[in-house]
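**Student:** One structure, as structure tokens, below. Some questions next.
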Amino acid sequence: MDAVGVLPLDVVGGVILLWLLLGLFGLVLQNTPHIISSVIFPLGAIAALAVAGTGLWALGEHASYAILPMGLPDLPLHLRLDPLAAFFLILLGGASFGVSLFSAGYFKSMQGNTLGLLCLEYHLFLAGMALVLLADDAYMFMVAWETMALSSYFLVTTDHHVPDIRKAGFLYLLIAHVGAIAILLSFGVMQGGHGIGAYTFAAMREAHLPVFWSSVAFLLALFGFGAKAGLLPLHVWLPEAHPAAPSPVSALMSGIMLKTAIYGILRVTFDLLSVQQWWWGVLALALGLITAIFGVMFAAVQGDMKRLLAYSSIENIGLLLVGIGLTIIFHVYGKDALAALSLTATLYHSLNHAFFKSLLFIGTGSILHATGERNMGRMGGLIRHMPWVAVLMLVGVLSISGLPPFNGFVSEWLLLQAFLLSPGLPNSYINMLIPVAAAVIALAAALAAYVMVKFYGIIFLGQPRGEAKAQPHDAGIWERIGLCWLSLGCVALGLAPVYVVKQLDLVTQVLVGRGLGNAAAGWLFLAPVDIERASYSPVIFLLAVLGVMLVTALAVRHFYHGRLRRGPAWDCGFPAQNARMQDTAEGFGQPIRRIFEPFFRIESELPSAFDTHPRYHGRSDDRIWFALYLPIKRITEKFSSWASLLQHGRIHLYLTYTFATLVVLLAFV
Amino acid sequence: MSIPFTTQTINLLASILLLIAFAMLSQRRILSLINLFAWQGLVLSVSTFVVAYSTAQRHLYYSAALTLLLKVLVLPWLLHRLIRKLNVKWDVETLINIPATMLVGIALVIFAFNLAAPISQLSESITRGLIGIALASVLLSLLMMITRRKAISQVVAFLSLENGLFFAATSATQGMPLVVELGIALDVLVATFIFGIFFFQIRETFDSLDITHMEKLKDD
């Protein structure tokens, strides 16, 4: 191992303790809020960076173990840091570094006692997520998982005075717990009735369950982790909780917490269960495709910027699940090179999504502070007032749209390569499914770009649409640093895919038995399978783009006569122009709403042509909510009303219940 | 086979206890109910004393004294004071169908004896036939709690239920450790105080001690 004797696990454990301490300090320092925001949050950020660095270190090391001297009798807490956990630690540390720095500025104006509590919950949340990744037995995992769920619940309900936010938080908590039960049951199935000692992950790896029970475990895990990830039809909490939460919290939840669910699925499927079934892959693929399309469609019709991003997260989770499904299929059929390719794409996209989605969410935080609005319909023209935020968010928008040379492109390209390069699999149905799936992925990616054009265009371009604040201010220094870090991450991940893929090979080797390797074997070109078939070099692409721009600029300069005349823009012959004539968020989403009309539950109200104060009102709701959740709610209410039949308010009756129970027990037991 | 005199005495006392339980079940007047409760306490105290004498266990004498003090003097006095303050001294409860209640009570006694038979076989003590009686008086008190409508009579029923338990503990199985008995005695005393406070609260709220009014508290 290491000469100094310090293992990566020790460092991460130390950081987790530091986070907990920082959280407690935050609680103690309630009376000096400026210290919390300008000392504690940056310290937490540095700790996060240490986590990321340790993760990078641990990728190349052997797995390190630790057993903590606490926990249940016969089941002390086990920790383990292997390459898979290390990769997700990099993700956690890298993204939360930026978000914590941003938070230092964002929470500056908050009340002392609220800020103290928030600081505690925030760092507890980070520690919980790190412990989820390190856990090596089911008990530790569930404790960390619940810590994560509860602390994020309290973070979501920071503004608990608002009834809608309480409702959103409740929905989140409810679904989180339904999911947690499924995960617990899945662990129960995997330990196979061998007593409490079998709840360690090491014992589960050795269990070799029969096919039926391993399928049950997989399905339960998919359900449980899917509930956290926002998989259809368990996604309903996401679009409610994200707008309710403070922006940095949304960034952590969407950027990192959803990835812990992806981590859980990968851990259970490829590590704890020794044998996979091909139909698991098909199921994951199908669910992922539906989730992706659903998410992007709903993102297109949203008017609230954070809701839009929440739906976009659902779409990205769908893409990740497609990657996992594809990996399972290839792995089962022994196509290890392709399995490694699709797993690389999945992991890469997780990392990318963590960066660009956190970037966009904290960006909306700055906008929210500047304008006090979440509704895009009242924004517009912010690029003039908030140039920093506008430029940095442009990086995020380009990344999430999957445009080269940014990072989103690389992972989506790798995923599509995995589809396109797939040779004949021994199952003809899957062979037919895969091109269709590739087409759906392409559609989702294109629609995502459409959504982002809407997002960026409506917020930053054009004229102010509503009576927003007179002069929106740009982000403060801490916020800028956070935004800069995350957008730098997006650019770096986009420009250095060869290096990233080389690191990811260490993870895929553990999970599916081999790495992608780089066929081109150079630092310049990324070629997943064969350089003859497909290769990509972001650096050359960037140089080409810059070259064309330079040449064009020089040419224009050469032919341009140099005389300058400023005049009013052409007003189409209609002189009275105002901000209401611009395209609105609803208007931009209209084509999608028309095309995919059957998927939405639309209620809209159009003003008559003679209305002097026309008001347009439109809502697109989720059919799943009405078709699935409301019936469940009604059934639950019915059952509970039966239970309330027992309640009469008459003491005699209650005493009779006691009496009858006593007599029955005495007579029969 | 001749039965020792002490055992005969205890058996006699036990039957009186049961009889009083039936009397309480059918008693309409609250004042008489409290007096019956005091008598039951006295019987309990005497039977504990006899057991203490026959088995020569010193701590049972303390138990007997404690019972005499608490259940014959203090609690009835407290209850008398309560009904005087609440002005319900001469209240008469409208009991529904006393004969039917008595019949149910008899069925309960048979049930209790039947149930206690196997336990009594195991018991080595001199008073092994008494577990059935103790159990029967517990069940009868529970039945009384169900059939009563006034809060005070329910509390009396509760206290007499405790008497039945105490009888089971001392007479049938030769007593619990003294500490436990002291604890229970204190609990009962405190419970009575709390009930007293509740009576006033109930009357404040509903202008009556009739607990049928509490049905309004139900959540719809």
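Just remember, in the structure tokens the first chain shown is A, the second B, etc., residues are 1-based per chain, and ligands are 1-based in the order shown.
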Using only C-alpha atoms and a cut-off of 12 Å, which residues of chain A sit close to chain B? Please list them as a list in words.
**Tutor:** Ser641, Ser644, Leu645, Leu646, Gln647, His648, Gly649, Arg650, Ile651, His652, Leu653, Tyr654, Leu655, Thr656, Tyr657, Thr658, Phe659, Ala660, Thr661, Leu662, Val663, Val664, Leu665, Leu666, Ala667, Phe668 and Val669 of chain A
**Student:** What lies within 12 Å of Leu135 (chain B) using only C-alpha atoms, ignoring chain neighbours under 5 positions off, as a PyMOL selection string?
**Tutor:** (chain A and resi 662-663+666) or (chain B and resi 14+17-18+21+108-117+119-120+129-130+140-142+161-169+172)
**Student:** Identify, on the basis of only C-alpha atoms, every residue whose closest approach to Asn31 (chain A) does not exceed 8 Å; exclude the query and any residue fewer than 2 positions from it along the same chain; express the result as number ranges by chain.
**Tutor:** A: 28-29, 33, 112-113
**Student:** Extract, using only C-alpha atoms, all DNA, RNA and protein residues at most 12 Å from Asp10 (chain A), discarding same-chain residues fewer than 5 positions from it, and format them as a list in words.
**Tutor:**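 Selected residues are Val4, Gly5, Val15, Ile16, Leu17, Ala50, Val51, Thr54, Gly55, Ala58, Ser64, Tyr65, Ala66, Ile67, Leu68, Leu79, Arg80, Leu81 and Leu134 of chain A.
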**Student:** Tell me, as a ChimeraX atom specification, which residues lie within 12 Å of region 68-71 of chain B, counting only C-alpha atoms; anything in the same chain fewer than 5 positions away does not count.
**Tutor:** /B:34-49,61-63,76-79,156,159-160,162-163,166,181-182,184-190,192
**Student:** Counting only C-alpha atoms, what is within 9 Å of Val50 (chain B), bar same-chain residues fewer than 5 positions away, as a list in words?
**Tutor:** Thr6, Thr7, Thr9, Ile10, Ser45, Thr55, Tyr61 and Ser171 of chain B
**Student:** Produce a file of the selected residues containing N, CA and C atoms, as a JSON list (two decimals), in the first residue's frame.
**Tutor:**
```
[["chain", "number", "residue", "atom", "x", "y", "z"],
["B", 6, "THR", "N", -57.66, -21.11, 58.44],
["B", 6, "THR", "CA", -57.27, -19.89, 57.70],
["B", 6, "THR", "C", -57.70, -19.97, 56.25],
["B", 7, "THR", "N", -57.51, -21.12, 55.64],
["B", 7, "THR", "CA", -57.88, -21.24, 54.24],
["B", 7, "THR", "C", -59.38, -21.05, 54.06],
["B", 9, "THR", "N", -61.26, -19.28, 55.94],
["B", 9, "THR", "CA", -61.53, -17.84, 56.07],
["B", 9, "THR", "C", -61.24, -17.12, 54.77],
["B", 10, "ILE", "N", -60.10, -17.46, 54.18],
["B", 10, "ILE", "CA", -59.75, -16.76, 52.94],
["B", 10, "ILE", "C", -60.77, -17.05, 51.86],
["B", 45, "SER", "N", -58.19, -6.15, 52.55],
["B", 45, "SER", "CA", -57.22, -5.94, 53.61],
["B", 45, "SER", "C", -57.22, -7.11, 54.59],
["B", 55, "THR", "N", -49.12, -17.62, 56.54],
["B", 55, "THR", "CA", -47.83, -17.97, 55.95],
["B", 55, "THR", "C", -46.68, -17.31, 56.67],
["B", 61, "TYR", "N", -48.07, -8.15, 56.16],
["B", 61, "TYR", "CA", -48.74, -7.30, 57.16],
["B", 61, "TYR", "C", -48.71, -5.85, 56.72],
["B", 171, "SER", "N", -53.34, -12.79, 47.77],
["B", 171, "SER", "CA", -53.96, -13.97, 48.32],
["B", 171, "SER", "C", -53.62, -15.22, 47.54]]
```
**Student:** Just the residues within 10 Å of Asn578 (chain A), please, counting only C-alpha atoms, with nothing from its chain fewer than 4 positions along; format it as a ChimeraX atom specification.
**Tutor:** /A:463-465,582
**Student:** Since we have the selection now, will you write its residues out, keeping C-alpha atoms, as a short mmCIF file (atom, residue, chain, number, x, y, z; two decimals), in the first residue's frame?
**Tutor:**
```cif
data_model
loop_
_atom_site.label_atom_id
_atom_site.label_comp_id
_atom_site.auth_asym_id
_atom_site.auth_seq_id
_atom_site.Cartn_x
_atom_site.Cartn_y
_atom_site.Cartn_z
CA GLN A 463 -36.48 42.76 -23.56
CA PRO A 464 -37.62 42.50 -19.94
CA ARG A 465 -41.08 40.96 -20.01
CA GLN A 582 -41.69 38.86 -27.86
#
```
**Student:** Quick one: pick out all alpha helix (DSSP H) residues within region 506-632 of chain A from a backbone DSSP run and write them as a tab-separated table (two decimals) with N, CA and C atoms, in the first residue's frame.
**Tutor:**
```tsv
chain	number	residue	atom	x	y	z
A	506	LEU	N	-10.51	2.23	-15.15
A	506	LEU	CA	-10.23	1.58	-13.87
A	506	LEU	C	-11.52	1.12	-13.21
A	507	VAL	N	-12.59	1.89	-13.44
A	507	VAL	CA	-13.87	1.52	-12.84
A	507	VAL	C	-14.51	0.40	-13.63
A	508	THR	N	-14.53	0.55	-14.96
A	508	THR	CA	-15.23	-0.46	-15.75
A	508	THR	C	-14.54	-1.81	-15.64
A	509	GLN	N	-13.22	-1.76	-15.42
A	509	GLN	CA	-12.52	-3.03	-15.27
A	509	GLN	C	-13.05	-3.81	-14.07
A	510	VAL	N	-13.38	-3.08	-13.02
A	510	VAL	CA	-13.90	-3.75	-11.83
A	510	VAL	C	-15.30	-4.29	-12.09
A	511	LEU	N	-16.11	-3.50	-12.79
A	511	LEU	CA	-17.52	-3.86	-12.91
A	511	LEU	C	-17.79	-4.86	-14.02
A	512	VAL	N	-17.27	-4.63	-15.22
A	512	VAL	CA	-17.60	-5.54	-16.31
A	512	VAL	C	-16.38	-6.30	-16.83
A	538	PRO	N	-11.85	16.72	-29.51
A	538	PRO	CA	-12.39	18.04	-29.20
A	538	PRO	C	-11.39	19.15	-29.44
A	539	VAL	N	-10.10	18.85	-29.25
A	539	VAL	CA	-9.11	19.91	-29.40
A	539	VAL	C	-9.06	20.36	-30.85
A	540	ILE	N	-9.03	19.38	-31.76
A	540	ILE	CA	-8.99	19.72	-33.19
A	540	ILE	C	-10.27	20.46	-33.57
A	541	PHE	N	-11.40	19.97	-33.01
A	541	PHE	CA	-12.67	20.62	-33.31
A	541	PHE	C	-12.63	22.08	-32.88
A	542	LEU	N	-12.14	22.29	-31.66
A	542	LEU	CA	-12.11	23.65	-31.12
A	542	LEU	C	-11.20	24.53	-31.97
A	543	LEU	N	-10.03	23.95	-32.35
A	543	LEU	CA	-9.10	24.73	-33.16
A	543	LEU	C	-9.73	25.06	-34.51
A	544	ALA	N	-10.47	24.11	-35.07
A	544	ALA	CA	-11.10	24.35	-36.36
A	544	ALA	C	-12.12	25.46	-36.24
A	545	VAL	N	-12.93	25.40	-35.18
A	545	VAL	CA	-13.96	26.43	-34.99
A	545	VAL	C	-13.30	27.79	-34.84
A	546	LEU	N	-12.27	27.83	-33.99
A	546	LEU	CA	-11.58	29.11	-33.77
A	546	LEU	C	-10.96	29.60	-35.07
A	547	GLY	N	-10.37	28.66	-35.84
A	547	GLY	CA	-9.75	29.02	-37.10
A	547	GLY	C	-10.75	29.64	-38.05
A	548	VAL	N	-11.93	28.99	-38.18
A	548	VAL	CA	-12.94	29.52	-39.10
A	548	VAL	C	-13.38	30.90	-38.65
A	549	MET	N	-13.53	31.05	-37.34
A	549	MET	CA	-13.95	32.36	-36.84
A	549	MET	C	-12.91	33.43	-37.13
A	550	LEU	N	-11.65	33.04	-36.94
A	550	LEU	CA	-10.56	33.99	-37.16
A	550	LEU	C	-10.51	34.40	-38.63
A	551	VAL	N	-10.60	33.38	-39.50
A	551	VAL	CA	-10.53	33.65	-40.93
A	551	VAL	C	-11.69	34.56	-41.33
A	552	THR	N	-12.89	34.24	-40.80
A	552	THR	CA	-14.04	35.06	-41.15
A	552	THR	C	-13.84	36.49	-40.67
A	553	ALA	N	-13.34	36.61	-39.46
A	553	ALA	CA	-13.15	37.95	-38.91
A	553	ALA	C	-12.15	38.73	-39.76
A	554	LEU	N	-11.07	38.04	-40.13
A	554	LEU	CA	-10.07	38.71	-40.95
A	554	LEU	C	-10.66	39.10	-42.30
A	555	ALA	N	-11.46	38.19	-42.87
A	555	ALA	CA	-12.04	38.47	-44.18
A	555	ALA	C	-12.97	39.66	-44.10
A	556	VAL	N	-13.81	39.65	-43.05
A	556	VAL	CA	-14.75	40.76	-42.90
A	556	VAL	C	-13.99	42.07	-42.74
A	557	ARG	N	-12.94	41.98	-41.95
A	557	ARG	CA	-12.13	43.17	-41.71
A	557	ARG	C	-11.51	43.69	-43.00
A	558	HIS	N	-11.15	42.71	-43.83
A	558	HIS	CA	-10.49	43.07	-45.08
A	558	HIS	C	-11.45	43.75	-46.03
A	559	PHE	N	-12.68	43.20	-46.11
A	559	PHE	CA	-13.62	43.75	-47.09
A	559	PHE	C	-14.46	44.89	-46.53
A	585	ALA	N	-42.23	32.07	-22.95
A	585	ALA	CA	-41.87	30.69	-22.63
A	585	ALA	C	-42.97	29.74	-23.11
A	586	GLU	N	-44.23	30.15	-22.87
A	586	GLU	CA	-45.33	29.28	-23.29
A	586	GLU	C	-45.35	29.17	-24.81
A	587	GLY	N	-45.14	30.33	-25.45
A	587	GLY	CA	-45.19	30.34	-26.90
A	587	GLY	C	-44.11	29.46	-27.50
A	588	PHE	N	-42.93	29.51	-26.91
A	588	PHE	CA	-41.83	28.72	-27.45
A	588	PHE	C	-42.11	27.23	-27.30
A	589	GLY	N	-42.78	26.87	-26.23
A	589	GLY	CA	-43.06	25.46	-26.01
A	589	GLY	C	-44.28	24.96	-26.76
A	590	GLN	N	-45.02	25.89	-27.34
A	590	GLN	CA	-46.29	25.54	-27.98
A	590	GLN	C	-46.18	24.40	-29.01
A	591	PRO	N	-45.20	24.43	-29.94
A	591	PRO	CA	-45.15	23.34	-30.93
A	591	PRO	C	-45.04	21.97	-30.27
A	592	ILE	N	-44.21	21.87	-29.24
A	592	ILE	CA	-44.05	20.59	-28.56
A	592	ILE	C	-45.38	20.17	-27.96
A	593	ARG	N	-46.06	21.16	-27.39
A	593	ARG	CA	-47.31	20.83	-26.74
A	593	ARG	C	-48.32	20.33	-27.77
A	594	ARG	N	-48.30	20.95	-28.96
A	594	ARG	CA	-49.23	20.50	-29.99
A	594	ARG	C	-48.87	19.10	-30.49
A	595	ILE	N	-47.56	18.89	-30.74
A	595	ILE	CA	-47.15	17.61	-31.32
A	595	ILE	C	-47.42	16.47	-30.37
A	623	ARG	N	-50.07	13.53	-16.76
A	623	ARG	CA	-51.16	12.56	-16.72
A	623	ARG	C	-50.93	11.49	-15.66
A	624	ILE	N	-49.66	11.16	-15.44
A	624	ILE	CA	-49.36	10.08	-14.50
A	624	ILE	C	-49.88	10.42	-13.11
A	630	LEU	N	-53.39	9.81	-7.89
A	630	LEU	CA	-54.66	10.15	-7.26
A	630	LEU	C	-55.47	8.90	-6.92
A	631	PRO	N	-55.54	7.88	-7.82
A	631	PRO	CA	-56.22	6.64	-7.40
A	631	PRO	C	-55.61	6.01	-6.16
A	632	ILE	N	-54.26	5.99	-6.10
A	632	ILE	CA	-53.62	5.42	-4.91
A	632	ILE	C	-54.03	6.20	-3.67
```
**Student:** Could you check the closest approach to Gly94 (chain A) for each of A:Ser487, A:Thr612, A:Ser152, A:Thr584 and tell me which residue wins, using only C-alpha atoms?
**Tutor:**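 Closest to Gly94 (chain A) of all the choices is A:Ser487.
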